[in-house]
Each structure stands twice: as C-alpha cells, then as structure tokens.
Amino acid sequence: MSVTISVLDWYDKSKRDLPFRNTVNPYCVWLSEVMLQQTQVETVIPYYNKWLEKYPSIKSVALAKQSELLKCWEGLGYYARCRNFHKSAKIIVKYNHGIIPDNWDEFRSLPGVGDYTAAAVLSIAFKQPFPAIDGNIRRVMARILGRRKFSKRNMDIIRSTLYKWIHTEKPGDFNQAMMDLGACVCFPTNPDCMNCPVNRYCKAFASGNPMNYPSKKQHKKIPHHTIVAGIIWCGNQFFIQKRDPSGMLGGLWEFPGGKVESGESLVEALKREIEEECGTGTNIIKQVGSINHAYSHFSITLHLFHCKTNGQVLKPEREHHWITPSEIKQYAFPKANHKLFTILNNNDWRI
Ligand code: DGT
C-alpha cells in the first residue's frame, strides 16, 4: 500500500455525496470550485443548484447581465468571484467557441483562475495530474510530512510530494480525497487520527501531538468600523446606488453612507457622506436600527436612518435608482443590508 492507494480506497468508501461530485462537466466543476472558495460546502449547495437551473452553460453566463448574475450570487460573498467568472465566460465564448480550455496556461490565464482552481478543474474535469492545494490539503500535508511552518521551502516540498503521490489515472479523485480527508478526518483541532487511512504514514500522528502541526498562527485583531447609511425617501420611493464595480461588494446596491470619522456624531457623519455622495443635503428624520456584520478583514456596526429629500435634486455620481420596498428583490444587496431589511420589515418601513 501507499499513501495514494490508501487515500483512494478510503475515498471510494467514505466520499461525501455532493451535487458537484456527480459530474465531470468542466463548466459545473469550475462553477463549484469558484463557489467553494472561502465558503462552506453546505452554504454552496443551494446556490450551485439554483445557478445551474438559471445558467445551464458557459454560454448562458456569457450572455447574462452582470446584475442578474450578482442577484443569483447574492449572499454568497466575495463577489469578485462572480464578476471574474462572468468575464472568463465572455472570453471563452468570444475567443474559444464557448469551449473551456483544457490546458494549464490558457485556463490559468482566465480572470479569477489561480493555481488552486486551475489544478482542481483540470484534474477533475480533464483528468490531468495537477495537485490542487487548498487550505485543507496544506494542513493534511503539513501533518503527514511533519512540517510546522508553511515556509517557501516547506511549500515546495509539499507540492513536489503531491506531484509524486497524485494518481495519474484518477487525479481528480486523489485531489478530492485529500480535500475530504482535511474536511472530515484531519480537522484543524481534534483530528480523528484513529479513523485516518494514512495515520501510519503521518509524522504528526507519530509525534503524539498532531495538533502541533502546522503551528498555530497568531490571530491579528481585525479592525471595527462604525458606518452610517440613509434611506432617502421621496414620496413612496427611496434612493439606492450601485457600488463601484471593481471594489469590495462591487456591483451590489447600497444606501448612501460611509464610515464615521473620529469626533463625528452619527448624524454629522451621515450628513457629510450624503453631501459627498449625492451632492446635496437631506433631512435626517430618525434612526431605524443598527446591525453588526463581519467581513473577512474587518467588522462593522451599521446604523441606518430614515431621511427625506429637502427639496433639492440629488446629483449622485454613481448609477442609482429610486425604488419602492417591494422592488428590493430585483437588486443584489450586501448581506448586511438584508439584516437591515429584516428590521425594516418588522417596522412596516414606517418613517
Ligand atoms: P472606502 O470609502 O474606500 O473605504 O470604500 P467603501 O465604500 O467600501 O467604504 P465606506 O466608507 O462607504 O464604508 C461602508 C462599509 O459598509 C463598506 O464596507 C460596505 C458596508 N456596507 C454594507 N451595506 C452598506 C450600505 O447600504 N451603505 C453603505 N454606505 N455601506 C454599506
């Protein structure tokens, strides 16, 4: 037996039954890999199924509007993934007759495709022997090889070992087996070593303290921002604007507002932000409610206020719409806003 055979035997018996495991269609495999980046499997499954119902092919993605795709992605986070997938689909339809490339250089050069995604898709969909190295596989390898740090040298060793171990006829199964091992057995804390198919090859297990591998990173404290935003009413409609397409939450819709600066009250900050973004003042009527939300690199407390136009015409720089509450579902909003909508729905949107 070898690590490769032990891992593949275990996978045959224990693999997770996931919707994207029943296909080698490159479009479906790629979509699932994009959705799975930074996101848990249980969260991805309903999004994956819904997306494929609406967009059954790469061509249907290429032909869709970015706003429609973002609506389908709404709530999944890391929206650059969706925008890049759209860009890639358009490139493939325009320059490659809608055929997803099956060679490393072409596929890897597409927007949003990194080493991990290229290796995962090429191995699963096209049976090419590229090891995919995600966070789970890195941890499994650090333990088997007894490496504490992910230094460049150790990463080179991990990569070259995986190139040796990957099964040339079943590279996709090998990669997915290693991922499952990380997700279901070789947990970050309290790994289930007794049920591990490769414990006899594992240096971390032999050490008696597998959790020392890899050594724990010191968690940096993430910053917290206080944000204010306003629902500016004009009759039964209110104002929403589109976020810059290239930045964080790019292409999603939001209420005007921004960070409270030091020394400012919430109302002062909101007046300033609305003037900066909409080119005019407004009457701030009352606070609606507040929510907390955590992004990967910072967290926010967002305070929302009802406002009314003060008779002057708004001169916003960004794309904007005036909508009624019932039209919200036609637009993609950040998750933080959905928390606000829950508060608003409970209050009947009363000013
Ligand atoms: P910046 O100004 O370069 O830091 O860029 P932004 O737009 O990311 O930051 P800012 O100052 O407008 O802060 C707003 C933060 O709150 C941003 O991380 C996105 C988040 N957010 C979620 N929903 C909303 C919303 O409806 N309105 C606003 N203004 N921000 C929202």
# chains A, B, ... in the order shown; residues from 1 in each chain; ligands from 1

$ residues_near_ligand --ligand "ligand 1" --cutoff "8 Å" --atoms "only C-alpha atoms and all ligand atoms" --output "list in words"
His225, Ile227, Val228, Ala229, Gly230, Arg243, Asp244, Gly247, Met248, Leu249, Trp253, Glu254, Phe255, Pro256, Gly257, Gly258, Lys259, Val260, Ile300, Leu302, Phe333, Pro334, Lys335, Ala336 and Asn337 of chain A

$ select_by_dssp --residues "range 97-332 of chain A" --states "helix (DSSP H, G or I)" --output "PyMOL selection string"
chain A and resi 104-108+115-126+135-145+152-165+171-184+193-195+199-201+203-207+210-212+266-278+325-330

$ residues_around --residues "Glu261 in chain A" --least-positions-apart "6" --cutoff "12 Å" --atoms "only C-alpha atoms" --output "list in words"
His225, Thr226, Ile227, Val228, Val267, Glu268, Ala269, Leu270, Arg272 and Glu273 of chain A

$ write_last_selection --atoms "N, CA, C and O atoms" --output "PDB file, in the first residue's frame"
ATOM      1  N   HIS A 225     -15.342  49.126  12.157  1.00  0.00           N
ATOM      2  CA  HIS A 225     -15.749  50.455  11.688  1.00  0.00           C
ATOM      3  C   HIS A 225     -17.199  50.727  12.048  1.00  0.00           C
ATOM      4  O   HIS A 225     -18.036  49.807  11.996  1.00  0.00           O
ATOM      5  N   THR A 226     -17.469  51.981  12.357  1.00  0.00           N
ATOM      6  CA  THR A 226     -18.865  52.395  12.554  1.00  0.00           C
ATOM      7  C   THR A 226     -19.323  53.059  11.263  1.00  0.00           C
ATOM      8  O   THR A 226     -18.668  53.978  10.757  1.00  0.00           O
ATOM      9  N   ILE A 227     -20.417  52.558  10.734  1.00  0.00           N
ATOM     10  CA  ILE A 227     -20.910  53.037   9.432  1.00  0.00           C
ATOM     11  C   ILE A 227     -22.300  53.641   9.635  1.00  0.00           C
ATOM     12  O   ILE A 227     -23.089  53.114  10.434  1.00  0.00           O
ATOM     13  N   VAL A 228     -22.576  54.704   8.897  1.00  0.00           N
ATOM     14  CA  VAL A 228     -23.943  55.240   8.872  1.00  0.00           C
ATOM     15  C   VAL A 228     -24.452  55.191   7.436  1.00  0.00           C
ATOM     16  O   VAL A 228     -23.676  55.343   6.486  1.00  0.00           O
ATOM     17  N   VAL A 267     -25.102  61.452  13.176  1.00  0.00           N
ATOM     18  CA  VAL A 267     -25.864  62.340  12.289  1.00  0.00           C
ATOM     19  C   VAL A 267     -24.918  63.232  11.475  1.00  0.00           C
ATOM     20  O   VAL A 267     -25.119  63.432  10.261  1.00  0.00           O
ATOM     21  N   GLU A 268     -23.877  63.754  12.127  1.00  0.00           N
ATOM     22  CA  GLU A 268     -22.896  64.590  11.389  1.00  0.00           C
ATOM     23  C   GLU A 268     -22.249  63.776  10.262  1.00  0.00           C
ATOM     24  O   GLU A 268     -22.094  64.252   9.135  1.00  0.00           O
ATOM     25  N   ALA A 269     -21.888  62.538  10.580  1.00  0.00           N
ATOM     26  CA  ALA A 269     -21.228  61.700   9.574  1.00  0.00           C
ATOM     27  C   ALA A 269     -22.178  61.420   8.406  1.00  0.00           C
ATOM     28  O   ALA A 269     -21.781  61.484   7.235  1.00  0.00           O
ATOM     29  N   LEU A 270     -23.435  61.156   8.738  1.00  0.00           N
ATOM     30  CA  LEU A 270     -24.392  60.835   7.667  1.00  0.00           C
ATOM     31  C   LEU A 270     -24.619  62.051   6.768  1.00  0.00           C
ATOM     32  O   LEU A 270     -24.664  61.932   5.538  1.00  0.00           O
ATOM     33  N   ARG A 272     -22.537  64.449   6.168  1.00  0.00           N
ATOM     34  CA  ARG A 272     -21.332  64.626   5.348  1.00  0.00           C
ATOM     35  C   ARG A 272     -21.315  63.618   4.204  1.00  0.00           C
ATOM     36  O   ARG A 272     -21.100  63.966   3.044  1.00  0.00           O
ATOM     37  N   GLU A 273     -21.560  62.354   4.529  1.00  0.00           N
ATOM     38  CA  GLU A 273     -21.499  61.300   3.496  1.00  0.00           C
ATOM     39  C   GLU A 273     -22.544  61.557   2.405  1.00  0.00           C
ATOM     40  O   GLU A 273     -22.250  61.394   1.211  1.00  0.00           O
TER      41      GLU A 273
END

$ residues_around --residues "Val313 in chain A" --least-positions-apart "2" --cutoff "9 Å" --atoms "only C-alpha atoms" --output "PDB file with N, CA, C and O atoms, in the first residue's frame"
ATOM      1  N   GLY A 279     -24.342  64.992  -3.540  1.00  0.00           N
ATOM      2  CA  GLY A 279     -24.201  66.377  -3.970  1.00  0.00           C
ATOM      3  C   GLY A 279     -25.232  67.322  -3.366  1.00  0.00           C
ATOM      4  O   GLY A 279     -25.397  68.438  -3.851  1.00  0.00           O
ATOM      5  N   THR A 280     -25.952  66.887  -2.332  1.00  0.00           N
ATOM      6  CA  THR A 280     -26.934  67.769  -1.702  1.00  0.00           C
ATOM      7  C   THR A 280     -27.244  67.301  -0.284  1.00  0.00           C
ATOM      8  O   THR A 280     -26.986  66.143   0.062  1.00  0.00           O
ATOM      9  N   THR A 309     -35.792  63.871   1.229  1.00  0.00           N
ATOM     10  CA  THR A 309     -35.164  64.896   0.376  1.00  0.00           C
ATOM     11  C   THR A 309     -35.588  66.274   0.896  1.00  0.00           C
ATOM     12  O   THR A 309     -36.694  66.429   1.416  1.00  0.00           O
ATOM     13  N   ASN A 310     -34.693  67.231   0.747  1.00  0.00           N
ATOM     14  CA  ASN A 310     -35.011  68.563   1.292  1.00  0.00           C
ATOM     15  C   ASN A 310     -35.457  69.525   0.195  1.00  0.00           C
ATOM     16  O   ASN A 310     -35.284  70.720   0.301  1.00  0.00           O
ATOM     17  N   GLY A 311     -35.995  68.972  -0.858  1.00  0.00           N
ATOM     18  CA  GLY A 311     -36.491  69.826  -1.946  1.00  0.00           C
ATOM     19  C   GLY A 311     -35.478  69.977  -3.070  1.00  0.00           C
ATOM     20  O   GLY A 311     -35.847  70.197  -4.214  1.00  0.00           O
ATOM     21  N   LYS A 315     -27.728  64.861  -6.842  1.00  0.00           N
ATOM     22  CA  LYS A 315     -26.827  64.787  -8.009  1.00  0.00           C
ATOM     23  C   LYS A 315     -25.772  63.707  -7.762  1.00  0.00           C
ATOM     24  O   LYS A 315     -24.579  64.011  -7.609  1.00  0.00           O
TER      25      LYS A 315
END

$ closest_residue --among "A:Ala64, A:Met35, A:Ile166, A:Ile285" --to "Ser123 in chain A" --atoms "only C-alpha atoms"
A:Ile166

$ closest_residue --among "A:Tyr331, A:Trp104, A:Phe305, A:Trp165" --to "Ser2 in chain A" --atoms "only C-alpha atoms"
A:Trp165

$ closest_residue --among "A:Ala80, A:Val121, A:Cys278, A:Val288" --to "Arg108 in chain A" --atoms "only C-alpha atoms"
A:Val121

$ residues_around --residues "Trp322 in chain A" --least-positions-apart "3" --cutoff "9 Å" --atoms "only C-alpha atoms" --output "PyMOL selection string"
chain A and resi 233-234+237-241

$ closest_residue --among "A:Pro129, A:Pro46, A:Gly208, A:Pro214" --to "Leu162 in chain A" --atoms "only C-alpha atoms"
A:Pro129

$ select_by_dssp --residues "range 167-350 of chain A" --states "strand (DSSP E or B)" --output "VMD selection string"
chain A and resid 224 to 234 237 to 242 253 to 254 257 to 259 282 to 294 299 to 309 320 to 323

$ closest_atom_pairs --of "range 69-154 of chain A" --to "range 13-26 of chain A" --cutoff "8 Å" --atoms "only C-alpha atoms" --output "CSV"
residue,atom,partner,partner_atom,distance
A:Ile100,CA,A:Pro26,CA,7.0
A:Val121,CA,A:Pro26,CA,6.7
A:Ile124,CA,A:Val24,CA,6.4
A:Ala125,CA,A:Val24,CA,4.6
A:Phe126,CA,A:Pro26,CA,7.7

$ atom_distance --atom1 "CA of Pro191 in chain A" --atom2 "CA of Ile158 in chain A"
19.6 Å
